[in-house]
Amino acid sequence: MIHRIAILGAAGDLTFRYLLPALARLYAAGRLPPDFRILAFDRRKWEDEAYRRIAATGLAEHAGVVDQAVRRTLIEMVDYRYADASDRRSLTAALAPIDGPLIVYLALPPAVFAPAIEAIVEAGVPSGSRIAVEKPFGEDLASAQRLNALLHRTFHEDAVTRVDHFLALPGVQSIFGLRFANRLFEPLWNGKHIARVEIVWDETLALEGRASYYDHAGALRDMLQSHLLQLLALLAMEPPAHADERGLRDRKLDALQAVRRLSPDEVCASSIRARYTAGRVGDRAVPAYVEEKGVDRSREAETFAQVRLAIDNERWRGVPFVLRSGKALCRDRHEIAVYFRPASLGIFSDPGTNVLCLALDSGHIHLGINASDDQDFFTVRPSALVSEAAPDTLPAYARLLLGVMAGDSSLSVRNDEAEESWRIVEPILAAWGSGIPPMQEYSAGSDGPTSADDTRAAA
Ligand code: NDP
């Protein structure tokens, strides 16, 4: 296990909101070695003490569940250093006193990934080091390929983590076992028995001041290209020969390769892009997206994306996979819903269906089943099987960091998976860029554009 982490971009939101709180949770759980060190690099000229004070405030806000004494000890593990991540000389000076392998974590704006990796390659890192790169990994196929080539100049693929923290969510972690360790599901997991799959990440959060990133990305790049396609791969993959990271990622890649590339006509019929207009989400007034600070309306960034994809293989031919994500919606809905075909005996006028819902954050499982009504054998009454509450687990970023430290690649998106995801998304980006289909609107606080339901129903 590696005992030190250098966070580049250590004064940013991700570090204070997720990385330091995750390390605090790991420390509280006894999962960090006692001599663990956190090297915090950013380009603000702060003294060590000033950084530690800000970090302590961040921890109080985002890791309040962790005992104050534990938080204090974690802060004592932090050393802050000025470093311009895109400047070789500055990085060399910051890294110079470090011996022994380290994790270099790029918590930087995506535009800085390439210059930072170049500077790291030139500065050099101690042998045995690993690198973790945040998302989005590139902004299209060509830029993802360039990043991969740069990384491989210094790091073996096994030493690279392309971060997708969704892979560490309890609901996502449970997919593999749910599919392959249940006689109840394994033989039924195909188009003969499953009619449709929905992968949904709807949020009530609006832009929240992140225009400088989001207005360049939009929902398709931000959510579907990375997180939701990874979920599709886990849901659609064939069983690997062995339960190891290589088998897992090989089969995920196969599934991504089988996703049909959409023609412009198919993009028009199967996708929706939309952005929110002014409205209320709960008791919060939300301005129209185009009125948010830092938004350039000529960019046409979408805040809602829905795409219906087809997988051209024996298992999934004819089964739509609907991927959907949007901001400023009426409720947080983070789930996978698998709709089974109705039982085919034809003896009930309304036999009902079975829908398996998997809550991504908690891992809760809800399986809609049918039984006869207690008054009448011949009438079907819907019911449900609900899983027990999941044990209190570590947050996704804590599990992810643990994986990086231990060299477990199963939570990393492999180079070929990242590139394949861009191959799926590029035809959609191209069609959207030429105005197909037109941008729609939905009120903040609504359930999204009404046509989204039509497209799902048509599936
Ligand atoms: P921020 O803009 O909040 O933080 C980035 C930090 O990097 C800032 O402190 C910035 O300094 C610093 N920085 C920029 N350029 C350099 C440089 N050349 N050398 C040294 N430091 C530099 O971004 P986030 O923390 O929100 O995001 C970081 C990464 O994490 C992104 O890739 C994002 O997509 C990803 N991410 C973020 C999430 C979040 O909730 N915040 C969630 C999931 C992923 P300055 O302010 O001076 O520019």
# chains A, B, ... in the order shown; residues from 1 in each chain; ligands from 1
>>> closest_atom_pairs(of="segment 320-431 of chain A", to="segment 50-68 of chain A", cutoff="12 Å", atoms="only C-alpha atoms", output="JSON lines")
{"residue": "A:Leu394", "atom": "CA", "partner": "A:Val65", "partner_atom": "CA", "distance": 11.8}
{"residue": "A:Pro395", "atom": "CA", "partner": "A:Ala63", "partner_atom": "CA", "distance": 10.5}
{"residue": "A:Ala398", "atom": "CA", "partner": "A:Ala63", "partner_atom": "CA", "distance": 11.7}
>>> residues_near_ligand(ligand="ligand 1", cutoff="7 Å", atoms="only C-alpha atoms and all ligand atoms", output="list in words")
Leu8, Gly9, Ala10, Ala11, Gly12, Asp13, Leu14, Thr15, Arg17, Phe41, Asp42, Arg43, Arg44, Ala83, Asp84, Ala85, Ser86, Ala107, Leu108, Pro109, Pro110, Val112, Glu134, Lys135 and Pro136 of chain A
>>> residues_around(residues="Val319 of chain A", least_positions_apart="2", cutoff="8 Å", atoms="only C-alpha atoms", output="PyMOL selection string")
chain A and resi 191+194-197+310-311+316-317+321
>>> write_last_selection(atoms="all heavy atoms", output="PDB file, in the first residue's frame")
ATOM      1  N   GLY A 191     -32.600 -10.281 -23.438  1.00  0.00           N
ATOM      2  CA  GLY A 191     -33.735  -9.664 -24.121  1.00  0.00           C
ATOM      3  C   GLY A 191     -34.971 -10.535 -24.209  1.00  0.00           C
ATOM      4  O   GLY A 191     -36.058 -10.036 -24.494  1.00  0.00           O
ATOM      5  N   ILE A 194     -36.137  -9.455 -20.515  1.00  0.00           N
ATOM      6  CA  ILE A 194     -36.080  -8.045 -20.101  1.00  0.00           C
ATOM      7  C   ILE A 194     -36.523  -7.175 -21.272  1.00  0.00           C
ATOM      8  O   ILE A 194     -36.060  -7.363 -22.404  1.00  0.00           O
ATOM      9  CB  ILE A 194     -34.651  -7.671 -19.629  1.00  0.00           C
ATOM     10  CG1 ILE A 194     -34.349  -8.385 -18.305  1.00  0.00           C
ATOM     11  CG2 ILE A 194     -34.491  -6.163 -19.478  1.00  0.00           C
ATOM     12  CD1 ILE A 194     -32.949  -8.178 -17.772  1.00  0.00           C
ATOM     13  N   ALA A 195     -37.447  -6.261 -20.987  1.00  0.00           N
ATOM     14  CA  ALA A 195     -37.989  -5.414 -22.057  1.00  0.00           C
ATOM     15  C   ALA A 195     -37.219  -4.110 -22.213  1.00  0.00           C
ATOM     16  O   ALA A 195     -37.102  -3.572 -23.316  1.00  0.00           O
ATOM     17  CB  ALA A 195     -39.456  -5.097 -21.761  1.00  0.00           C
ATOM     18  N   ARG A 196     -36.719  -3.596 -21.104  1.00  0.00           N
ATOM     19  CA  ARG A 196     -36.116  -2.253 -21.161  1.00  0.00           C
ATOM     20  C   ARG A 196     -35.276  -2.024 -19.903  1.00  0.00           C
ATOM     21  O   ARG A 196     -35.587  -2.548 -18.841  1.00  0.00           O
ATOM     22  CB  ARG A 196     -37.262  -1.235 -21.197  1.00  0.00           C
ATOM     23  CG  ARG A 196     -36.871   0.187 -21.219  1.00  0.00           C
ATOM     24  CD  ARG A 196     -38.070   1.086 -21.541  1.00  0.00           C
ATOM     25  NE  ARG A 196     -38.630   1.730 -20.368  1.00  0.00           N
ATOM     26  CZ  ARG A 196     -39.842   1.492 -19.897  1.00  0.00           C
ATOM     27  NH1 ARG A 196     -40.617   0.596 -20.446  1.00  0.00           N
ATOM     28  NH2 ARG A 196     -40.273   2.117 -18.837  1.00  0.00           N
ATOM     29  N   VAL A 197     -34.236  -1.223 -20.045  1.00  0.00           N
ATOM     30  CA  VAL A 197     -33.398  -0.864 -18.893  1.00  0.00           C
ATOM     31  C   VAL A 197     -33.273   0.655 -18.856  1.00  0.00           C
ATOM     32  O   VAL A 197     -32.995   1.276 -19.896  1.00  0.00           O
ATOM     33  CB  VAL A 197     -31.990  -1.503 -19.012  1.00  0.00           C
ATOM     34  CG1 VAL A 197     -31.104  -1.089 -17.856  1.00  0.00           C
ATOM     35  CG2 VAL A 197     -32.083  -3.032 -19.096  1.00  0.00           C
ATOM     36  N   ALA A 310     -28.957   1.100 -28.279  1.00  0.00           N
ATOM     37  CA  ALA A 310     -29.212  -0.309 -28.588  1.00  0.00           C
ATOM     38  C   ALA A 310     -27.894  -1.057 -28.494  1.00  0.00           C
ATOM     39  O   ALA A 310     -26.833  -0.502 -28.801  1.00  0.00           O
ATOM     40  CB  ALA A 310     -29.782  -0.427 -29.991  1.00  0.00           C
ATOM     41  N   ILE A 311     -27.960  -2.295 -28.064  1.00  0.00           N
ATOM     42  CA  ILE A 311     -26.752  -3.130 -27.981  1.00  0.00           C
ATOM     43  C   ILE A 311     -26.911  -4.269 -28.979  1.00  0.00           C
ATOM     44  O   ILE A 311     -27.837  -5.085 -28.868  1.00  0.00           O
ATOM     45  CB  ILE A 311     -26.558  -3.668 -26.550  1.00  0.00           C
ATOM     46  CG1 ILE A 311     -26.419  -2.475 -25.580  1.00  0.00           C
ATOM     47  CG2 ILE A 311     -25.327  -4.564 -26.475  1.00  0.00           C
ATOM     48  CD1 ILE A 311     -26.220  -2.850 -24.146  1.00  0.00           C
ATOM     49  N   TRP A 316     -28.821  -8.856 -26.108  1.00  0.00           N
ATOM     50  CA  TRP A 316     -29.580  -7.610 -25.905  1.00  0.00           C
ATOM     51  C   TRP A 316     -30.289  -7.074 -27.140  1.00  0.00           C
ATOM     52  O   TRP A 316     -30.857  -5.983 -27.091  1.00  0.00           O
ATOM     53  CB  TRP A 316     -28.652  -6.519 -25.340  1.00  0.00           C
ATOM     54  CG  TRP A 316     -28.146  -6.852 -23.975  1.00  0.00           C
ATOM     55  CD1 TRP A 316     -26.858  -7.087 -23.614  1.00  0.00           C
ATOM     56  CD2 TRP A 316     -28.939  -7.031 -22.786  1.00  0.00           C
ATOM     57  NE1 TRP A 316     -26.779  -7.385 -22.290  1.00  0.00           N
ATOM     58  CE2 TRP A 316     -28.046  -7.362 -21.746  1.00  0.00           C
ATOM     59  CE3 TRP A 316     -30.304  -6.945 -22.500  1.00  0.00           C
ATOM     60  CZ2 TRP A 316     -28.487  -7.607 -20.443  1.00  0.00           C
ATOM     61  CZ3 TRP A 316     -30.728  -7.200 -21.205  1.00  0.00           C
ATOM     62  CH2 TRP A 316     -29.838  -7.510 -20.199  1.00  0.00           C
ATOM     63  N   ARG A 317     -30.257  -7.808 -28.250  1.00  0.00           N
ATOM     64  CA  ARG A 317     -30.894  -7.284 -29.465  1.00  0.00           C
ATOM     65  C   ARG A 317     -32.355  -6.929 -29.162  1.00  0.00           C
ATOM     66  O   ARG A 317     -33.091  -7.726 -28.591  1.00  0.00           O
ATOM     67  CB  ARG A 317     -30.807  -8.331 -30.590  1.00  0.00           C
ATOM     68  CG  ARG A 317     -31.140  -7.767 -31.937  1.00  0.00           C
ATOM     69  CD  ARG A 317     -30.443  -8.507 -33.081  1.00  0.00           C
ATOM     70  NE  ARG A 317     -28.994  -8.277 -33.070  1.00  0.00           N
ATOM     71  CZ  ARG A 317     -28.085  -9.245 -33.015  1.00  0.00           C
ATOM     72  NH1 ARG A 317     -28.451 -10.497 -32.942  1.00  0.00           N
ATOM     73  NH2 ARG A 317     -26.804  -8.948 -33.027  1.00  0.00           N
ATOM     74  N   PHE A 321     -31.717   0.575 -23.921  1.00  0.00           N
ATOM     75  CA  PHE A 321     -31.092   1.054 -22.692  1.00  0.00           C
ATOM     76  C   PHE A 321     -31.238   2.577 -22.703  1.00  0.00           C
ATOM     77  O   PHE A 321     -30.654   3.254 -23.554  1.00  0.00           O
ATOM     78  CB  PHE A 321     -29.609   0.667 -22.634  1.00  0.00           C
ATOM     79  CG  PHE A 321     -29.376  -0.756 -22.224  1.00  0.00           C
ATOM     80  CD1 PHE A 321     -29.709  -1.811 -23.073  1.00  0.00           C
ATOM     81  CD2 PHE A 321     -28.825  -1.061 -20.979  1.00  0.00           C
ATOM     82  CE1 PHE A 321     -29.500  -3.132 -22.690  1.00  0.00           C
ATOM     83  CE2 PHE A 321     -28.613  -2.379 -20.583  1.00  0.00           C
ATOM     84  CZ  PHE A 321     -28.953  -3.421 -21.439  1.00  0.00           C
TER      85      PHE A 321
END
>>> closest_residue(among="A:Tyr397, A:Phe348, A:Glu47, A:Ala114", to="Gln145 of chain A", atoms="only C-alpha atoms")
A:Ala114
>>> select_by_dssp(residues="segment 38-189 of chain A", states="helix (DSSP H, G or I)", output="ChimeraX atom specification")
/A:48-62,68-76,88-95,110-123,141-152,157-159,165-168,170-180,186-188
>>> write_last_selection(atoms="C-alpha atoms", output="compact mmCIF listing (two decimals), in the first residue's frame")
# COMPACT_ATOMS: atom_id res chain seq x y z
CA ASP A 48 1.01 25.60 5.61
CA GLU A 49 -1.00 26.82 8.62
CA ALA A 50 -3.41 28.87 6.50
CA TYR A 51 -4.12 25.83 4.33
CA ARG A 52 -4.64 23.60 7.34
CA ARG A 53 -7.15 26.05 8.82
CA ILE A 54 -9.18 26.07 5.59
CA ALA A 55 -8.93 22.30 5.30
CA ALA A 56 -10.17 21.93 8.89
CA THR A 57 -13.20 24.08 8.09
CA GLY A 58 -13.87 21.98 4.99
CA LEU A 59 -13.64 18.79 7.04
CA ALA A 60 -16.00 20.15 9.68
CA GLU A 61 -18.50 20.88 6.92
CA HIS A 62 -18.14 17.73 4.84
CA GLN A 68 -13.07 16.04 15.86
CA ALA A 69 -9.85 14.54 17.30
CA VAL A 70 -9.54 12.26 14.26
CA ARG A 71 -10.06 15.21 11.93
CA ARG A 72 -7.37 17.13 13.78
CA THR A 73 -4.90 14.24 13.43
CA LEU A 74 -5.66 14.02 9.71
CA ILE A 75 -4.97 17.74 9.29
CA GLU A 76 -1.60 17.22 10.96
CA ARG A 88 7.76 21.29 -14.95
CA ARG A 89 10.20 23.35 -12.86
CA SER A 90 7.61 24.23 -10.26
CA LEU A 91 6.49 20.60 -10.00
CA THR A 92 10.04 19.29 -9.86
CA ALA A 93 10.77 21.61 -6.94
CA ALA A 94 7.60 20.54 -5.12
CA LEU A 95 8.19 16.83 -5.70
CA PRO A 110 -9.96 19.13 -17.00
CA ALA A 111 -8.26 21.73 -19.21
CA VAL A 112 -5.14 21.39 -17.05
CA PHE A 113 -4.91 17.55 -17.24
CA ALA A 114 -2.75 17.43 -20.37
CA PRO A 115 -0.22 20.13 -19.36
CA ALA A 116 -0.07 18.69 -15.83
CA ILE A 117 0.59 15.13 -17.07
CA GLU A 118 3.25 16.50 -19.40
CA ALA A 119 4.90 18.33 -16.50
CA ILE A 120 4.72 15.19 -14.30
CA VAL A 121 6.24 13.07 -17.06
CA GLU A 122 9.09 15.60 -17.41
CA ALA A 123 9.56 16.09 -13.66
CA LEU A 141 -12.04 10.72 -28.62
CA ALA A 142 -8.94 12.49 -29.94
CA SER A 143 -8.22 14.30 -26.67
CA ALA A 144 -8.79 11.09 -24.65
CA GLN A 145 -6.32 9.28 -26.93
CA ARG A 146 -3.78 12.07 -26.42
CA LEU A 147 -4.15 11.87 -22.64
CA ASN A 148 -3.70 8.08 -22.74
CA ALA A 149 -0.56 8.38 -24.84
CA LEU A 150 0.85 10.99 -22.45
CA LEU A 151 0.10 8.89 -19.36
CA HIS A 152 1.70 5.81 -20.89
CA GLU A 157 -1.74 1.15 -17.42
CA ASP A 158 -2.04 -0.73 -14.10
CA ALA A 159 -0.67 2.35 -12.32
CA HIS A 165 -16.46 7.41 -8.42
CA PHE A 166 -19.83 5.98 -9.53
CA LEU A 167 -18.07 2.60 -9.74
CA ALA A 168 -17.63 2.81 -5.95
CA PRO A 170 -22.97 0.86 -3.14
CA GLY A 171 -25.69 0.35 -5.77
CA VAL A 172 -23.11 0.03 -8.54
CA GLN A 173 -20.83 -2.26 -6.54
CA SER A 174 -23.75 -4.64 -6.03
CA ILE A 175 -24.57 -5.10 -9.75
CA PHE A 176 -21.95 -7.78 -10.41
CA GLY A 177 -23.05 -10.06 -7.56
CA LEU A 178 -26.73 -9.34 -8.13
CA ARG A 179 -26.47 -10.45 -11.75
CA PHE A 180 -24.13 -13.39 -11.50
CA GLU A 186 -28.80 -14.83 -14.05
CA PRO A 187 -30.81 -16.96 -16.52
CA LEU A 188 -33.31 -14.14 -17.10
>>> select_by_dssp(residues="segment 12-255 of chain A", states="strand (DSSP E)", output="number ranges by chain")
A: 37-42, 78-82, 103-106, 130-133, 160-162, 194-202
>>> write_last_selection(atoms="C-alpha atoms", output="PDB file, in the first residue's frame")
ATOM      1  CA  ARG A  37       1.177  11.899   4.475  1.00  0.00           C
ATOM      2  CA  ILE A  38      -0.962  14.209   2.364  1.00  0.00           C
ATOM      3  CA  LEU A  39       0.941  16.614   0.124  1.00  0.00           C
ATOM      4  CA  ALA A  40      -1.421  19.368  -0.893  1.00  0.00           C
ATOM      5  CA  PHE A  41      -0.299  21.280  -4.015  1.00  0.00           C
ATOM      6  CA  ASP A  42      -2.019  24.282  -5.500  1.00  0.00           C
ATOM      7  CA  VAL A  78      -1.131  17.559   5.563  1.00  0.00           C
ATOM      8  CA  ASP A  79       1.762  19.592   4.113  1.00  0.00           C
ATOM      9  CA  TYR A  80       0.806  22.398   1.764  1.00  0.00           C
ATOM     10  CA  ARG A  81       3.151  23.486  -1.034  1.00  0.00           C
ATOM     11  CA  TYR A  82       2.868  25.993  -3.822  1.00  0.00           C
ATOM     12  CA  ILE A 103      -0.097   8.660  -5.560  1.00  0.00           C
ATOM     13  CA  VAL A 104      -0.391  11.740  -7.731  1.00  0.00           C
ATOM     14  CA  TYR A 105      -4.043  12.781  -7.783  1.00  0.00           C
ATOM     15  CA  LEU A 106      -5.100  15.284 -10.446  1.00  0.00           C
ATOM     16  CA  ARG A 130       0.506   5.746  -9.361  1.00  0.00           C
ATOM     17  CA  ILE A 131      -1.596   8.475 -10.891  1.00  0.00           C
ATOM     18  CA  ALA A 132      -5.318   9.186 -10.551  1.00  0.00           C
ATOM     19  CA  VAL A 133      -6.982  11.432 -13.119  1.00  0.00           C
ATOM     20  CA  VAL A 160      -3.344   4.660 -13.786  1.00  0.00           C
ATOM     21  CA  THR A 161      -6.761   5.280 -12.255  1.00  0.00           C
ATOM     22  CA  ARG A 162      -9.208   7.122 -14.472  1.00  0.00           C
ATOM     23  CA  ILE A 194     -36.080  -8.045 -20.101  1.00  0.00           C
ATOM     24  CA  ALA A 195     -37.989  -5.414 -22.057  1.00  0.00           C
ATOM     25  CA  ARG A 196     -36.116  -2.253 -21.161  1.00  0.00           C
ATOM     26  CA  VAL A 197     -33.398  -0.864 -18.893  1.00  0.00           C
ATOM     27  CA  GLU A 198     -33.292   2.683 -17.549  1.00  0.00           C
ATOM     28  CA  ILE A 199     -30.229   4.254 -15.977  1.00  0.00           C
ATOM     29  CA  VAL A 200     -31.179   7.521 -14.339  1.00  0.00           C
ATOM     30  CA  TRP A 201     -29.295  10.253 -12.505  1.00  0.00           C
ATOM     31  CA  ASP A 202     -31.744  13.115 -11.984  1.00  0.00           C
TER      32      ASP A 202
END
>>> residues_around(residues="Asp215 of chain A", least_positions_apart="3", cutoff="12 Å", atoms="only C-alpha atoms", output="compact mmCIF listing (two decimals) with N, CA, C and O atoms, in the first residue's frame")
# COMPACT_ATOMS: atom_id res chain seq x y z
N LEU A 207 -26.97 24.66 -11.31
CA LEU A 207 -25.57 24.83 -11.73
C LEU A 207 -24.62 25.00 -10.54
O LEU A 207 -23.45 24.59 -10.61
N GLU A 208 -25.11 25.62 -9.48
CA GLU A 208 -24.34 25.80 -8.23
C GLU A 208 -22.97 26.44 -8.49
O GLU A 208 -21.95 25.97 -7.97
N GLY A 209 -22.92 27.44 -9.34
CA GLY A 209 -21.68 28.20 -9.55
C GLY A 209 -20.61 27.49 -10.34
O GLY A 209 -19.45 27.90 -10.34
N ARG A 210 -20.93 26.38 -11.04
CA ARG A 210 -19.89 25.61 -11.73
C ARG A 210 -19.88 25.86 -13.24
O ARG A 210 -19.52 24.98 -14.03
N ALA A 211 -20.28 27.09 -13.65
CA ALA A 211 -20.40 27.36 -15.10
C ALA A 211 -19.08 27.16 -15.83
O ALA A 211 -19.06 26.70 -16.97
N SER A 212 -17.95 27.51 -15.17
CA SER A 212 -16.69 27.47 -15.90
C SER A 212 -16.39 26.06 -16.40
O SER A 212 -15.77 25.87 -17.43
N GLY A 218 -21.71 20.18 -20.42
CA GLY A 218 -23.10 19.79 -20.63
C GLY A 218 -23.34 18.39 -20.07
O GLY A 218 -22.40 17.66 -19.74
N ALA A 219 -24.62 18.02 -20.00
CA ALA A 219 -25.00 16.78 -19.31
C ALA A 219 -24.49 15.53 -20.04
O ALA A 219 -24.14 14.54 -19.40
N LEU A 220 -24.44 15.57 -21.36
CA LEU A 220 -24.01 14.37 -22.11
C LEU A 220 -22.57 14.02 -21.79
O LEU A 220 -22.24 12.87 -21.47
N ARG A 221 -21.69 15.02 -21.85
CA ARG A 221 -20.27 14.76 -21.53
C ARG A 221 -20.08 14.52 -20.03
O ARG A 221 -19.33 13.66 -19.62
N ASP A 222 -20.79 15.33 -19.22
CA ASP A 222 -20.56 15.29 -17.77
C ASP A 222 -21.04 13.98 -17.16
O ASP A 222 -20.38 13.44 -16.27
N ARG A 275 -32.63 22.34 -21.67
CA ARG A 275 -32.06 23.08 -20.54
C ARG A 275 -33.17 23.76 -19.76
O ARG A 275 -34.25 24.02 -20.28
N TYR A 289 -31.17 28.66 -16.80
CA TYR A 289 -29.76 28.29 -16.98
C TYR A 289 -29.00 29.39 -17.70
O TYR A 289 -27.88 29.76 -17.31
N VAL A 290 -29.61 29.93 -18.76
CA VAL A 290 -28.88 30.92 -19.56
C VAL A 290 -28.66 32.23 -18.80
O VAL A 290 -27.85 33.06 -19.22
N GLU A 292 -27.72 32.11 -15.56
CA GLU A 292 -26.79 31.80 -14.47
C GLU A 292 -25.45 32.48 -14.75
O GLU A 292 -25.03 32.62 -15.90
N LYS A 293 -24.75 32.84 -13.64
CA LYS A 293 -23.48 33.54 -13.77
C LYS A 293 -22.45 32.67 -14.52
O LYS A 293 -22.28 31.49 -14.21
N GLY A 294 -21.83 33.27 -15.53
CA GLY A 294 -20.75 32.58 -16.26
C GLY A 294 -21.23 31.76 -17.44
O GLY A 294 -20.41 31.19 -18.17
N VAL A 295 -22.56 31.71 -17.67
CA VAL A 295 -23.05 30.90 -18.80
C VAL A 295 -23.04 31.71 -20.08
O VAL A 295 -23.45 32.87 -20.12
N ASP A 296 -22.51 31.08 -21.14
CA ASP A 296 -22.49 31.71 -22.46
C ASP A 296 -23.59 31.03 -23.27
O ASP A 296 -23.46 29.86 -23.64
N ARG A 297 -24.71 31.78 -23.54
CA ARG A 297 -25.86 31.11 -24.13
C ARG A 297 -25.56 30.60 -25.54
O ARG A 297 -26.20 29.67 -26.02
N SER A 298 -24.52 31.14 -26.18
CA SER A 298 -24.22 30.68 -27.54
C SER A 298 -23.61 29.27 -27.53
O SER A 298 -23.55 28.60 -28.55
N ARG A 299 -23.16 28.81 -26.36
CA ARG A 299 -22.58 27.47 -26.30
C ARG A 299 -23.62 26.37 -26.40
O ARG A 299 -23.30 25.23 -26.72
N GLU A 300 -24.86 26.70 -26.03
CA GLU A 300 -25.93 25.71 -26.10
C GLU A 300 -25.64 24.46 -25.27
O GLU A 300 -25.89 23.32 -25.73
N ALA A 301 -25.06 24.66 -24.08
CA ALA A 301 -24.85 23.48 -23.21
C ALA A 301 -26.21 23.00 -22.70
O ALA A 301 -27.04 23.80 -22.30
N GLU A 302 -26.40 21.67 -22.72
CA GLU A 302 -27.66 21.10 -22.23
C GLU A 302 -27.54 20.77 -20.75
O GLU A 302 -26.46 20.36 -20.30
N THR A 303 -28.64 20.96 -20.01
CA THR A 303 -28.64 20.58 -18.60
C THR A 303 -29.43 19.30 -18.39
O THR A 303 -29.56 18.81 -17.27
>>> residues_around(residues="Ser410 of chain A", least_positions_apart="4", cutoff="10 Å", atoms="only C-alpha atoms", output="PyMOL selection string")
chain A and resi 161+167-168+244-249+400+403-404+414
>>> atom_distance(atom1="atom CA of Thr277 of chain A", atom2="atom CA of Val425 of chain A")
25.6 Å
